[in-house]
There are 2 protein chains.
Amino acid sequence: MASTRYDVTGVGNAIVDVIASADDAFLARHTIEKGAMTLIDEARAKELYAAMGPGQEVSGGSAANTLAGIASLGGRGAYIGKVADDQLGEIFGHDLRAAGVDYATAPLQNGPATARCLILVTPDAQRSMNTFLGASTLFSKGDVDAERIAAAEITYLEGYLYDRDEAKAAFVEAARIARSAGRKVALTLSDPFCVDRHRDSFRDLVANHVDVIFANEAELKSLYLTEDFDAALASVRAETRIAAITRSEKGAIITSGSDTAAVPADAVEKLVDTTGAGDLFAAGFLLGLARGAGLETCARLGVMAAGEVITHVGARPLVSLETMARERGLVIPPAA
Amino acid sequence: MASTRYDVTGVGNAIVDVIASADDAFLARHTIEKGAMTLIDEARAKELYAAMGPGQEVSGGSAANTLAGIASLGGRGAYIGKVADDQLGEIFGHDLRAAGVDYATAPLQNGPATARCLILVTPDAQRSMNTFLGASTLFSKGDVDAERIAAAEITYLEGYLYDRDEAKAAFVEAARIARSAGRKVALTLSDPFCVDRHRDSFRDLVANHVDVIFANEAELKSLYLTEDFDAALASVRAETRIAAITRSEKGAIITSGSDTAAVPADAVEKLVDTTGAGDLFAAGFLLGLARGAGLETCARLGVMAAGEVITHVGARPLVSLETMARERGLVIPPAA
């Protein structure tokens, strides 16, 4: 097979995060589901924004965060996602390219604004997300760039894309291209409520169309409609090639056929904002996998990257993860 | 005299900050004056933005930061400054109002975009600012809101407003209204290079039109064209009613006629980003002064507010300064 130009190409909803502090009373008063990602329309976005405190804007989007993490680890990544031709879209594009990710999706003209996610961080560092999808789901024909997908070891897809038919079509198309090119496809389940909304489709994807699945405990349990973690783990092990399950402070468990690797979480001095923890775990894991590292190394890279991002506000690394990995003696094999 | 509705009304350039990390080599490569505020045009803003790393966007603007600080201290503030009718302008307005500041200046239609300041923070926590003024200087007749100025104990003006004729006209008008209403006028010299650009005007303002002057050491020396700090201090003491001089880690010196108060700087555990230190010193000092506190209390409030803002990225407080003051036993007298 031809050698690849990218380790990972991600496809996702291109979103700018608006992050503010809030207390639990604020969440209750505005009926915000704590810890979840809730889709909101423009009217609700206006209402919540007017009510919330001063914010800071940073580029986000689950798969985009993952690609920023891969670049920070020294990996070669591309991203496909739709912004509008507006200031937030410009910020999103700049931040991704400045992080070292190849990003060339054309901005949407004359449509809704760039997507934003109003993230309320409570004093326990938990984040509650309210997403106005705006332009992000409006992929056009041609946006799902066959060349960038076929040239990547792994194509990484957000479960969130399933929330809108237009974005779901982009998802399916990207997976098809990757498969035809003989590449791997990875999927993150994104959110337990997202799993609830699309359980049957996700079950089919996991069993039949995906090589690597990312989930946290809640998402995995939701996928198999069980409260028994071990039962859910046994199901996913039986159904998919590689499953990487994150368990917050309990670390991560990886299954691959009969192999299992368990890696403890990083000891984090000060938990500030858990936004992006799952995205960055995927960054480390995927880069390791694309480079042929062992499962345990993949998981350690993931845990390290997640551990960095939860020590500060925002869902992308603030330091070089490549340097961090080197200092820990974690070896990322070179690209083939 | 009628009782006031505001402690402080600020007039300034309404700016959104775009903050990124950079090393000294980056500053050298792009000929950026370290530690200074440099005015840039749109082409240079595009070029620098393309070259700099991923950013985070937070509302800024010197006087706007001061007003956000005053609100955080429990003070009553208003702000006058011009944004464009665009996403960054919306962010600026939201953040200021969400902080508790009365802000009602109409956004500019069909003109340049909202001002932005590209701030590069080096590992020594020093910030180097590159400002594209955009809409911020384009005050219209009526924007300088006589009612909000006459209703404030103190009107606070940025020296930066002198950098453009249109904004300078707003400055002069605001000072005139405040004086006619029998209120106090305060001025910050803003930046040593800004003082260089407008030394004669600033000397005249200090000597004849302003009640309170804020400056740091470099600005004060530049104002009186001397390397001798004590000589500069003697000059400002002779010329103005109250001078509040900040000296970074050496704290602050206040002169008022023959009185002098010296206050040490806060012991800061971890210096992260010095952006906003002067703005927040002014917040604490001005609120104390508006409420009739003694000079030493005013200075202690200023030092406390500055000490908070340099421990994190961004130029506005992340915690309640009112609570912080209470915990330190600093008493802010109630509004009259």
# chains A, B, ... in the order shown; residues from 1 in each chain; ligands from 1
call {"tool": "closest_atom_pairs", "arguments": {"of": "chain A", "to": "chain B", "cutoff": "8 Å", "atoms": "only C-alpha atoms", "output": "Markdown table"}}
result
| residue | atom | partner | partner_atom | distance |
| --- | --- | --- | --- | --- |
| A:Tyr49 | CA | B:His94 | CA | 8.0 |
| A:Ala50 | CA | B:His94 | CA | 7.0 |
| A:Ala51 | CA | B:Ala98 | CA | 7.6 |
| A:Met52 | CA | B:Ala98 | CA | 6.9 |
| A:Gly53 | CA | B:Ala98 | CA | 5.0 |
| A:Pro54 | CA | B:Asp95 | CA | 4.2 |
| A:Gly55 | CA | B:Asp95 | CA | 6.4 |
| A:Gln56 | CA | B:Val58 | CA | 5.0 |
| A:Glu57 | CA | B:Glu57 | CA | 4.9 |
| A:Val58 | CA | B:Gln56 | CA | 5.0 |
| A:Ser59 | CA | B:Gln56 | CA | 7.8 |
| A:Asp86 | CA | B:Gln87 | CA | 7.9 |
| A:Gln87 | CA | B:Gln87 | CA | 6.3 |
| A:Leu88 | CA | B:Gln87 | CA | 7.2 |
| A:His94 | CA | B:Pro54 | CA | 6.9 |
| A:Asp95 | CA | B:Pro54 | CA | 4.2 |
| A:Leu96 | CA | B:Pro54 | CA | 7.1 |
| A:Ala98 | CA | B:Gly53 | CA | 5.0 |
| A:Ala99 | CA | B:Pro54 | CA | 6.1 |
call {"tool": "write_last_selection", "arguments": {"atoms": "C-alpha atoms", "output": "short mmCIF file (atom, residue, chain, number, x, y, z; two decimals), in the first residue's frame"}}
result
data_model
loop_
_atom_site.label_atom_id
_atom_site.label_comp_id
_atom_site.auth_asym_id
_atom_site.auth_seq_id
_atom_site.Cartn_x
_atom_site.Cartn_y
_atom_site.Cartn_z
CA TYR A 49 -25.30 33.69 26.18
CA ALA A 50 -27.09 36.74 27.54
CA ALA A 51 -27.46 35.03 30.90
CA MET A 52 -23.96 33.62 31.27
CA GLY A 53 -20.90 35.40 32.62
CA PRO A 54 -17.94 36.83 30.71
CA GLY A 55 -16.43 34.22 28.41
CA GLN A 56 -13.26 33.34 26.69
CA GLU A 57 -13.32 32.11 23.12
CA VAL A 58 -11.11 29.23 22.04
CA SER A 59 -11.37 26.95 19.06
CA ASP A 86 -17.16 35.07 9.56
CA GLN A 87 -14.82 36.13 12.37
CA LEU A 88 -15.33 32.99 14.46
CA HIS A 94 -6.24 30.09 12.16
CA ASP A 95 -6.00 28.14 15.39
CA LEU A 96 -6.07 24.77 13.69
CA ALA A 98 -1.34 27.47 13.62
CA ALA A 99 -1.37 24.24 15.62
#
call {"tool": "select_by_dssp", "arguments": {"residues": "region 8-235 of chain B", "states": "helix (DSSP H, G or I)", "output": "PyMOL selection string"}}
result
chain B and resi 24-29+42-51+62-72+87-99+134-137+146-150+159-163+165-180+192-197+199-208+217-223+229-235
call {"tool": "calpha_fit_rmsd", "arguments": {"fixed": "chain B", "moving": "chain A"}}
result
0.0 Å
call {"tool": "residues_around", "arguments": {"residues": "Glu296 (chain A)", "least_positions_apart": "2", "cutoff": "10 Å", "atoms": "only C-alpha atoms", "output": "list in words"}}
result
Ala252, Ile253, Ile254, Thr260, Ala261, Ala262, Val263, Phe285, Gly288, Ala293, Gly294, Cys298, Ala299, Arg300, Leu301 and Gly302 of chain A
call {"tool": "residues_around", "arguments": {"residues": "Ala305 (chain B)", "least_positions_apart": "4", "cutoff": "12 Å", "atoms": "only C-alpha atoms", "output": "PDB file with N, CA and C atoms, in the first residue's frame"}}
result
ATOM      1  N   ASN B  65     -11.060  47.008  30.772  1.00  0.00           N
ATOM      2  CA  ASN B  65     -10.552  46.088  31.799  1.00  0.00           C
ATOM      3  C   ASN B  65     -10.696  46.712  33.190  1.00  0.00           C
ATOM      4  N   THR B  66     -10.396  48.006  33.270  1.00  0.00           N
ATOM      5  CA  THR B  66     -10.512  48.706  34.560  1.00  0.00           C
ATOM      6  C   THR B  66     -11.956  48.680  35.046  1.00  0.00           C
ATOM      7  N   LEU B  67     -12.888  48.941  34.148  1.00  0.00           N
ATOM      8  CA  LEU B  67     -14.303  48.932  34.552  1.00  0.00           C
ATOM      9  C   LEU B  67     -14.764  47.538  34.959  1.00  0.00           C
ATOM     10  N   ALA B  68     -14.283  46.496  34.251  1.00  0.00           N
ATOM     11  CA  ALA B  68     -14.624  45.129  34.649  1.00  0.00           C
ATOM     12  C   ALA B  68     -14.090  44.866  36.059  1.00  0.00           C
ATOM     13  N   GLY B  69     -12.915  45.394  36.353  1.00  0.00           N
ATOM     14  CA  GLY B  69     -12.340  45.241  37.696  1.00  0.00           C
ATOM     15  C   GLY B  69     -13.162  45.969  38.743  1.00  0.00           C
ATOM     16  N   ILE B  70     -13.619  47.153  38.418  1.00  0.00           N
ATOM     17  CA  ILE B  70     -14.439  47.927  39.360  1.00  0.00           C
ATOM     18  C   ILE B  70     -15.746  47.176  39.656  1.00  0.00           C
ATOM     19  N   ALA B  71     -16.346  46.604  38.619  1.00  0.00           N
ATOM     20  CA  ALA B  71     -17.579  45.827  38.831  1.00  0.00           C
ATOM     21  C   ALA B  71     -17.290  44.618  39.716  1.00  0.00           C
ATOM     22  N   SER B  72     -16.153  43.960  39.497  1.00  0.00           N
ATOM     23  CA  SER B  72     -15.803  42.789  40.297  1.00  0.00           C
ATOM     24  C   SER B  72     -15.590  43.162  41.761  1.00  0.00           C
ATOM     25  N   LEU B  73     -15.196  44.401  42.001  1.00  0.00           N
ATOM     26  CA  LEU B  73     -15.016  44.898  43.370  1.00  0.00           C
ATOM     27  C   LEU B  73     -16.337  45.340  43.991  1.00  0.00           C
ATOM     28  N   ALA B 265       4.087  45.416  46.580  1.00  0.00           N
ATOM     29  CA  ALA B 265       3.348  44.555  45.646  1.00  0.00           C
ATOM     30  C   ALA B 265       2.912  43.286  46.370  1.00  0.00           C
ATOM     31  N   ASP B 266       1.896  42.654  45.829  1.00  0.00           N
ATOM     32  CA  ASP B 266       1.463  41.360  46.325  1.00  0.00           C
ATOM     33  C   ASP B 266       2.540  40.313  46.066  1.00  0.00           C
ATOM     34  N   VAL B 268       3.207  37.201  44.535  1.00  0.00           N
ATOM     35  CA  VAL B 268       2.467  36.399  43.566  1.00  0.00           C
ATOM     36  C   VAL B 268       3.156  35.054  43.400  1.00  0.00           C
ATOM     37  N   GLY B 276      -2.879  43.635  31.702  1.00  0.00           N
ATOM     38  CA  GLY B 276      -3.953  44.137  32.548  1.00  0.00           C
ATOM     39  C   GLY B 276      -3.523  44.549  33.947  1.00  0.00           C
ATOM     40  N   ALA B 277      -2.256  44.380  34.292  1.00  0.00           N
ATOM     41  CA  ALA B 277      -1.822  44.718  35.656  1.00  0.00           C
ATOM     42  C   ALA B 277      -2.106  46.192  35.963  1.00  0.00           C
ATOM     43  N   GLY B 278      -1.718  47.075  35.066  1.00  0.00           N
ATOM     44  CA  GLY B 278      -1.956  48.504  35.280  1.00  0.00           C
ATOM     45  C   GLY B 278      -3.439  48.833  35.282  1.00  0.00           C
ATOM     46  N   ASP B 279      -4.185  48.193  34.390  1.00  0.00           N
ATOM     47  CA  ASP B 279      -5.630  48.443  34.309  1.00  0.00           C
ATOM     48  C   ASP B 279      -6.316  48.059  35.615  1.00  0.00           C
ATOM     49  N   LEU B 280      -5.893  46.950  36.180  1.00  0.00           N
ATOM     50  CA  LEU B 280      -6.556  46.484  37.400  1.00  0.00           C
ATOM     51  C   LEU B 280      -6.098  47.263  38.621  1.00  0.00           C
ATOM     52  N   PHE B 281      -4.839  47.718  38.612  1.00  0.00           N
ATOM     53  CA  PHE B 281      -4.422  48.621  39.689  1.00  0.00           C
ATOM     54  C   PHE B 281      -5.347  49.839  39.697  1.00  0.00           C
ATOM     55  N   ALA B 282      -5.586  50.379  38.515  1.00  0.00           N
ATOM     56  CA  ALA B 282      -6.454  51.560  38.408  1.00  0.00           C
ATOM     57  C   ALA B 282      -7.863  51.255  38.913  1.00  0.00           C
ATOM     58  N   ALA B 283      -8.344  50.031  38.650  1.00  0.00           N
ATOM     59  CA  ALA B 283      -9.691  49.650  39.108  1.00  0.00           C
ATOM     60  C   ALA B 283      -9.808  49.786  40.623  1.00  0.00           C
ATOM     61  N   GLY B 284      -8.880  49.146  41.327  1.00  0.00           N
ATOM     62  CA  GLY B 284      -8.931  49.183  42.792  1.00  0.00           C
ATOM     63  C   GLY B 284      -8.763  50.600  43.318  1.00  0.00           C
ATOM     64  N   PHE B 285      -7.777  51.298  42.758  1.00  0.00           N
ATOM     65  CA  PHE B 285      -7.498  52.648  43.238  1.00  0.00           C
ATOM     66  C   PHE B 285      -8.689  53.573  43.017  1.00  0.00           C
ATOM     67  N   LEU B 286      -9.238  53.532  41.823  1.00  0.00           N
ATOM     68  CA  LEU B 286     -10.342  54.445  41.475  1.00  0.00           C
ATOM     69  C   LEU B 286     -11.586  54.181  42.309  1.00  0.00           C
ATOM     70  N   LEU B 287     -11.896  52.898  42.524  1.00  0.00           N
ATOM     71  CA  LEU B 287     -13.098  52.630  43.308  1.00  0.00           C
ATOM     72  C   LEU B 287     -12.915  53.136  44.735  1.00  0.00           C
ATOM     73  N   GLY B 288     -11.735  52.870  45.300  1.00  0.00           N
ATOM     74  CA  GLY B 288     -11.463  53.385  46.641  1.00  0.00           C
ATOM     75  C   GLY B 288     -11.630  54.900  46.681  1.00  0.00           C
ATOM     76  N   CYS B 298      -6.823  52.849  48.961  1.00  0.00           N
ATOM     77  CA  CYS B 298      -6.975  52.875  47.494  1.00  0.00           C
ATOM     78  C   CYS B 298      -5.839  52.085  46.845  1.00  0.00           C
ATOM     79  N   ALA B 299      -4.621  52.362  47.278  1.00  0.00           N
ATOM     80  CA  ALA B 299      -3.459  51.702  46.685  1.00  0.00           C
ATOM     81  C   ALA B 299      -3.468  50.205  46.979  1.00  0.00           C
ATOM     82  N   ARG B 300      -3.883  49.840  48.202  1.00  0.00           N
ATOM     83  CA  ARG B 300      -3.920  48.409  48.536  1.00  0.00           C
ATOM     84  C   ARG B 300      -4.957  47.673  47.683  1.00  0.00           C
ATOM     85  N   LEU B 301      -6.080  48.323  47.439  1.00  0.00           N
ATOM     86  CA  LEU B 301      -7.088  47.712  46.561  1.00  0.00           C
ATOM     87  C   LEU B 301      -6.513  47.542  45.152  1.00  0.00           C
ATOM     88  N   VAL B 309      -4.822  39.579  38.580  1.00  0.00           N
ATOM     89  CA  VAL B 309      -4.920  39.457  37.117  1.00  0.00           C
ATOM     90  C   VAL B 309      -3.644  38.917  36.473  1.00  0.00           C
ATOM     91  N   ILE B 310      -2.524  39.034  37.157  1.00  0.00           N
ATOM     92  CA  ILE B 310      -1.263  38.554  36.564  1.00  0.00           C
ATOM     93  C   ILE B 310      -1.019  37.070  36.836  1.00  0.00           C
ATOM     94  N   THR B 311      -1.937  36.432  37.569  1.00  0.00           N
ATOM     95  CA  THR B 311      -1.762  35.001  37.842  1.00  0.00           C
ATOM     96  C   THR B 311      -2.449  34.135  36.792  1.00  0.00           C
ATOM     97  N   ALA B 315      -6.871  39.835  30.809  1.00  0.00           N
ATOM     98  CA  ALA B 315      -6.691  41.098  31.524  1.00  0.00           C
ATOM     99  C   ALA B 315      -7.877  41.472  32.402  1.00  0.00           C
ATOM    100  N   ARG B 316      -8.734  40.507  32.686  1.00  0.00           N
ATOM    101  CA  ARG B 316      -9.869  40.799  33.573  1.00  0.00           C
ATOM    102  C   ARG B 316      -9.922  39.756  34.676  1.00  0.00           C
ATOM    103  N   PRO B 317     -10.429  40.136  35.838  1.00  0.00           N
ATOM    104  CA  PRO B 317     -10.397  39.201  36.972  1.00  0.00           C
ATOM    105  C   PRO B 317     -11.232  37.948  36.724  1.00  0.00           C
ATOM    106  N   LEU B 318     -10.761  36.832  37.245  1.00  0.00           N
ATOM    107  CA  LEU B 318     -11.499  35.566  37.122  1.00  0.00           C
ATOM    108  C   LEU B 318     -12.226  35.216  38.417  1.00  0.00           C
ATOM    109  N   VAL B 319     -11.977  35.968  39.464  1.00  0.00           N
ATOM    110  CA  VAL B 319     -12.675  35.714  40.730  1.00  0.00           C
ATOM    111  C   VAL B 319     -13.300  37.028  41.200  1.00  0.00           C
ATOM    112  N   SER B 320     -14.121  36.951  42.225  1.00  0.00           N
ATOM    113  CA  SER B 320     -14.732  38.160  42.767  1.00  0.00           C
ATOM    114  C   SER B 320     -13.688  38.938  43.564  1.00  0.00           C
ATOM    115  N   LEU B 321     -13.349  40.117  43.078  1.00  0.00           N
ATOM    116  CA  LEU B 321     -12.386  40.948  43.813  1.00  0.00           C
ATOM    117  C   LEU B 321     -13.019  41.501  45.083  1.00  0.00           C
ATOM    118  N   GLU B 322     -14.338  41.635  45.072  1.00  0.00           N
ATOM    119  CA  GLU B 322     -15.034  42.112  46.269  1.00  0.00           C
ATOM    120  C   GLU B 322     -14.827  41.124  47.426  1.00  0.00           C
ATOM    121  N   THR B 323     -14.978  39.832  47.117  1.00  0.00           N
ATOM    122  CA  THR B 323     -14.751  38.803  48.129  1.00  0.00           C
ATOM    123  C   THR B 323     -13.291  38.813  48.586  1.00  0.00           C
ATOM    124  N   MET B 324     -12.396  38.945  47.612  1.00  0.00           N
ATOM    125  CA  MET B 324     -10.970  38.971  47.923  1.00  0.00           C
ATOM    126  C   MET B 324     -10.636  40.125  48.874  1.00  0.00           C
ATOM    127  N   ALA B 325     -11.225  41.292  48.613  1.00  0.00           N
ATOM    128  CA  ALA B 325     -10.973  42.458  49.468  1.00  0.00           C
ATOM    129  C   ALA B 325     -11.502  42.199  50.876  1.00  0.00           C
ATOM    130  N   ARG B 328      -9.313  40.078  52.914  1.00  0.00           N
ATOM    131  CA  ARG B 328      -8.098  40.761  53.375  1.00  0.00           C
ATOM    132  C   ARG B 328      -8.391  41.857  54.381  1.00  0.00           C
ATOM    133  N   LEU B 330      -9.896  44.572  53.675  1.00  0.00           N
ATOM    134  CA  LEU B 330      -9.869  45.882  53.017  1.00  0.00           C
ATOM    135  C   LEU B 330     -11.302  46.377  52.894  1.00  0.00           C
TER     136      LEU B 330
END
call {"tool": "residues_around", "arguments": {"residues": "Leu225 (chain B)", "least_positions_apart": "4", "cutoff": "12 Å", "atoms": "only C-alpha atoms", "output": "ChimeraX atom specification"}}
result
/B:192,195-196,199-200,203,217-221,229,231-233,235
call {"tool": "decode", "arguments": {"residues": "region 60-113 of chain B", "atoms": "C-alpha atoms", "output": "PDB file, in the first residue's frame"}}
result
ATOM      1  CA  GLY B  60      -9.798  43.702  26.569  1.00  0.00           C
ATOM      2  CA  GLY B  61      -9.206  47.411  26.137  1.00  0.00           C
ATOM      3  CA  SER B  62      -7.413  49.213  28.937  1.00  0.00           C
ATOM      4  CA  ALA B  63     -10.272  51.259  30.415  1.00  0.00           C
ATOM      5  CA  ALA B  64     -12.760  48.432  29.763  1.00  0.00           C
ATOM      6  CA  ASN B  65     -10.552  46.088  31.799  1.00  0.00           C
ATOM      7  CA  THR B  66     -10.512  48.706  34.560  1.00  0.00           C
ATOM      8  CA  LEU B  67     -14.303  48.932  34.552  1.00  0.00           C
ATOM      9  CA  ALA B  68     -14.624  45.129  34.649  1.00  0.00           C
ATOM     10  CA  GLY B  69     -12.340  45.241  37.696  1.00  0.00           C
ATOM     11  CA  ILE B  70     -14.439  47.927  39.360  1.00  0.00           C
ATOM     12  CA  ALA B  71     -17.579  45.827  38.831  1.00  0.00           C
ATOM     13  CA  SER B  72     -15.803  42.789  40.297  1.00  0.00           C
ATOM     14  CA  LEU B  73     -15.016  44.898  43.370  1.00  0.00           C
ATOM     15  CA  GLY B  74     -18.721  45.660  43.729  1.00  0.00           C
ATOM     16  CA  GLY B  75     -18.456  49.133  42.204  1.00  0.00           C
ATOM     17  CA  ARG B  76     -20.915  50.829  39.882  1.00  0.00           C
ATOM     18  CA  GLY B  77     -19.371  51.528  36.506  1.00  0.00           C
ATOM     19  CA  ALA B  78     -20.197  52.580  32.977  1.00  0.00           C
ATOM     20  CA  TYR B  79     -18.099  52.333  29.846  1.00  0.00           C
ATOM     21  CA  ILE B  80     -18.052  54.254  26.602  1.00  0.00           C
ATOM     22  CA  GLY B  81     -16.208  52.727  23.659  1.00  0.00           C
ATOM     23  CA  LYS B  82     -16.869  51.778  20.053  1.00  0.00           C
ATOM     24  CA  VAL B  83     -17.058  48.296  18.541  1.00  0.00           C
ATOM     25  CA  ALA B  84     -18.296  47.279  15.105  1.00  0.00           C
ATOM     26  CA  ASP B  85     -21.502  45.395  14.438  1.00  0.00           C
ATOM     27  CA  ASP B  86     -19.696  42.038  14.166  1.00  0.00           C
ATOM     28  CA  GLN B  87     -19.034  38.876  16.201  1.00  0.00           C
ATOM     29  CA  LEU B  88     -16.062  40.307  18.075  1.00  0.00           C
ATOM     30  CA  GLY B  89     -18.107  43.391  18.885  1.00  0.00           C
ATOM     31  CA  GLU B  90     -20.875  41.217  20.231  1.00  0.00           C
ATOM     32  CA  ILE B  91     -18.367  39.333  22.389  1.00  0.00           C
ATOM     33  CA  PHE B  92     -16.946  42.596  23.733  1.00  0.00           C
ATOM     34  CA  GLY B  93     -20.383  43.927  24.650  1.00  0.00           C
ATOM     35  CA  HIS B  94     -21.497  40.673  26.228  1.00  0.00           C
ATOM     36  CA  ASP B  95     -18.405  40.308  28.357  1.00  0.00           C
ATOM     37  CA  LEU B  96     -18.568  43.843  29.696  1.00  0.00           C
ATOM     38  CA  ARG B  97     -22.282  43.718  30.482  1.00  0.00           C
ATOM     39  CA  ALA B  98     -21.954  40.213  31.936  1.00  0.00           C
ATOM     40  CA  ALA B  99     -19.256  41.578  34.229  1.00  0.00           C
ATOM     41  CA  GLY B 100     -21.785  44.104  35.510  1.00  0.00           C
ATOM     42  CA  VAL B 101     -20.720  47.228  33.634  1.00  0.00           C
ATOM     43  CA  ASP B 102     -23.312  49.524  32.070  1.00  0.00           C
ATOM     44  CA  TYR B 103     -22.361  49.635  28.385  1.00  0.00           C
ATOM     45  CA  ALA B 104     -24.581  51.066  25.686  1.00  0.00           C
ATOM     46  CA  THR B 105     -22.398  52.632  22.979  1.00  0.00           C
ATOM     47  CA  ALA B 106     -23.996  51.825  19.606  1.00  0.00           C
ATOM     48  CA  PRO B 107     -21.878  49.510  17.422  1.00  0.00           C
ATOM     49  CA  LEU B 108     -20.423  51.021  14.248  1.00  0.00           C
ATOM     50  CA  GLN B 109     -22.258  50.069  11.066  1.00  0.00           C
ATOM     51  CA  ASN B 110     -20.546  49.596   7.695  1.00  0.00           C
ATOM     52  CA  GLY B 111     -17.048  50.494   8.819  1.00  0.00           C
ATOM     53  CA  PRO B 112     -13.909  48.683   9.865  1.00  0.00           C
ATOM     54  CA  ALA B 113     -14.126  45.629  12.130  1.00  0.00           C
TER      55      ALA B 113
END
